[in-house]
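**Q** The structure follows.
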Amino acid sequence: MALAAAGFGGLVAAGALRHDVGWGTTGPGAGYFPLRIGMLLVAVALLLALRQLSAGAAGRFAEPGVLYRVGSMLLPTALFGAAIAPLGAYVPMVIYLLWMARGQARASWPVALLMAFGTPAAFFLLFEAWLTVPLAKGPLEEALGIY
């Protein structure tokens, strides 16, 4: 995993080199921060790989049961990300937050519902109303005329 992260960091750094990576009169170039983040990711990943090699067989990747917990967070998050394109940002956000609040955090129904509907409402006010940056809309928003 550390070597995969190092490879990803290398790709980020290489991609950043296609842009200006210096500091100009107007501030940082387009590749300035991605280059540094990519190099930092490579360095940290290589340190983790060396640490794992020095631990030998005693260093386990994951304890029993941990991969189940990771999957129980990863799968809903991946589905949430995949649902944004066809459904927009708001409907998947409500479903995801409700699922996570009830399933993972075991929050009460009132708290879960408040979080699941309050967070998208706050995002709408922040991004759409205040910053005038539209988030992805889906068929529900189109049907309600919020498009």
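Numbering starts fresh at 1 for the residues of each chain in the structure tokens, the chains themselves are lettered A, B, ... in the order given, and ligands are numbered from 1 as they appear.
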Counting only C-alpha atoms, what is within 8 Å of Tyr90 in chain A, bar same-chain residues fewer than 5 positions away, as a list in words?
**A**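 Contacts, in chain order: Pro120, Ala136 and Lys137 of chain A.
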**Q** What would the file look like if the residues just selected were written as a PDB file, in the first residue's frame with N, CA and C atoms?
**A**
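Once written, again15.pdb looks like this:
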```pdb
ATOM      1  N   PRO A 120     -27.002  19.011   3.895  1.00  0.00           N
ATOM      2  CA  PRO A 120     -27.223  19.461   2.516  1.00  0.00           C
ATOM      3  C   PRO A 120     -27.846  20.858   2.447  1.00  0.00           C
ATOM      4  N   ALA A 136     -23.621  19.847  -8.116  1.00  0.00           N
ATOM      5  CA  ALA A 136     -24.295  18.985  -9.094  1.00  0.00           C
ATOM      6  C   ALA A 136     -25.768  18.819  -8.740  1.00  0.00           C
ATOM      7  N   LYS A 137     -26.610  18.957  -9.744  1.00  0.00           N
ATOM      8  CA  LYS A 137     -28.053  18.798  -9.566  1.00  0.00           C
ATOM      9  C   LYS A 137     -28.494  17.527 -10.280  1.00  0.00           C
TER      10      LYS A 137
END
```
**Q** Just the strand (DSSP E or B) stuff from range 20-91 of chain A, please, per backbone DSSP, written as a list in words.
**A** Trp23, Gly24, Gly27 and Pro28 of chain A
**Q** Take the residues that were just selected and, keeping N, CA and C atoms, output them as a CSV table (one decimal), in the first residue's frame.
**A**
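Wrote result31.csv, looks like this:
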```csv
chain,number,residue,atom,x,y,z
A,23,TRP,N,7.0,30.3,-8.4
A,23,TRP,CA,6.2,31.4,-7.8
A,23,TRP,C,6.4,32.6,-8.7
A,24,GLY,N,5.3,33.2,-9.2
A,24,GLY,CA,5.4,34.3,-10.1
A,24,GLY,C,4.9,35.6,-9.4
A,27,GLY,N,1.6,35.1,-7.8
A,27,GLY,CA,1.4,34.0,-6.8
A,27,GLY,C,1.9,32.7,-7.4
A,28,PRO,N,1.5,31.6,-6.8
A,28,PRO,CA,2.0,30.3,-7.2
A,28,PRO,C,1.5,29.9,-8.5
```
**Q** Excluding Val42 in chain A and its own-chain neighbours fewer than 3 positions away, which residues fall within 10 Å of it when counting only C-alpha atoms? Please give them as number ranges by chain.
**A** A: 2-13, 36-39, 45-48
**Q** Quick one: write out the picked residues with C-alpha atoms as an mmCIF file, in the first residue's frame?
**A**
```cif
data_model
loop_
_atom_site.group_PDB
_atom_site.id
_atom_site.type_symbol
_atom_site.label_atom_id
_atom_site.label_comp_id
_atom_site.auth_asym_id
_atom_site.auth_seq_id
_atom_site.Cartn_x
_atom_site.Cartn_y
_atom_site.Cartn_z
ATOM 1 C CA ALA A 2 2.861 2.353 0.798
ATOM 2 C CA LEU A 3 4.432 1.712 -2.591
ATOM 3 C CA ALA A 4 1.066 2.316 -4.282
ATOM 4 C CA ALA A 5 0.766 5.621 -2.406
ATOM 5 C CA ALA A 6 4.319 6.511 -3.471
ATOM 6 C CA GLY A 7 3.418 5.716 -7.079
ATOM 7 C CA PHE A 8 0.334 7.902 -6.843
ATOM 8 C CA GLY A 9 2.420 10.723 -5.360
ATOM 9 C CA GLY A 10 4.887 10.301 -8.214
ATOM 10 C CA LEU A 11 2.068 10.616 -10.747
ATOM 11 C CA VAL A 12 0.814 13.776 -9.039
ATOM 12 C CA ALA A 13 4.320 15.280 -9.037
ATOM 13 C CA ARG A 36 4.970 19.684 -3.317
ATOM 14 C CA ILE A 37 2.036 17.538 -2.193
ATOM 15 C CA GLY A 38 3.085 14.774 -4.601
ATOM 16 C CA MET A 39 6.692 14.873 -3.390
ATOM 17 C CA ALA A 45 5.015 6.577 1.637
ATOM 18 C CA LEU A 46 8.651 5.531 1.221
ATOM 19 C CA LEU A 47 9.267 6.074 4.931
ATOM 20 C CA LEU A 48 6.256 3.896 5.720
#
```
**Q** Skipping near chain neighbours, those fewer than 6 positions away, what residues fall within 12 Å of range 62-71 of chain A using only C-alpha atoms, listed as a PyMOL selection string?
**A** chain A and resi 1+77-79+103-104
**Q** Based on the selection just made, write N, CA and C atoms of those residues as a PDB file, in the first residue's frame.
**A**
```
ATOM      1  N   MET A   1       0.832  -1.191   0.000  1.00  0.00           N
ATOM      2  CA  MET A   1       0.000   0.000   0.000  1.00  0.00           C
ATOM      3  C   MET A   1       0.875   1.251   0.000  1.00  0.00           C
ATOM      4  N   THR A  77     -19.219   5.050   0.936  1.00  0.00           N
ATOM      5  CA  THR A  77     -18.586   6.268   0.420  1.00  0.00           C
ATOM      6  C   THR A  77     -18.398   6.178  -1.091  1.00  0.00           C
ATOM      7  N   ALA A  78     -17.991   5.015  -1.584  1.00  0.00           N
ATOM      8  CA  ALA A  78     -17.831   4.828  -3.027  1.00  0.00           C
ATOM      9  C   ALA A  78     -19.187   4.921  -3.742  1.00  0.00           C
ATOM     10  N   LEU A  79     -20.213   4.341  -3.142  1.00  0.00           N
ATOM     11  CA  LEU A  79     -21.551   4.438  -3.736  1.00  0.00           C
ATOM     12  C   LEU A  79     -22.042   5.881  -3.744  1.00  0.00           C
ATOM     13  N   GLY A 103     -26.237   3.816  10.780  1.00  0.00           N
ATOM     14  CA  GLY A 103     -25.507   2.545  10.725  1.00  0.00           C
ATOM     15  C   GLY A 103     -24.159   2.561  11.411  1.00  0.00           C
ATOM     16  N   GLN A 104     -23.401   3.605  11.228  1.00  0.00           N
ATOM     17  CA  GLN A 104     -22.053   3.644  11.780  1.00  0.00           C
ATOM     18  C   GLN A 104     -22.012   4.321  13.157  1.00  0.00           C
TER      19      GLN A 104
END
```
**Q** Have a look at CA of Ile95 in chain A and CA of Ala143 in chain A and let me know their distance in Å, one decimal.
**A**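 Spanning CA of Ile95 in chain A to CA of Ala143 in chain A is a straight-line distance of 18.5 Å.
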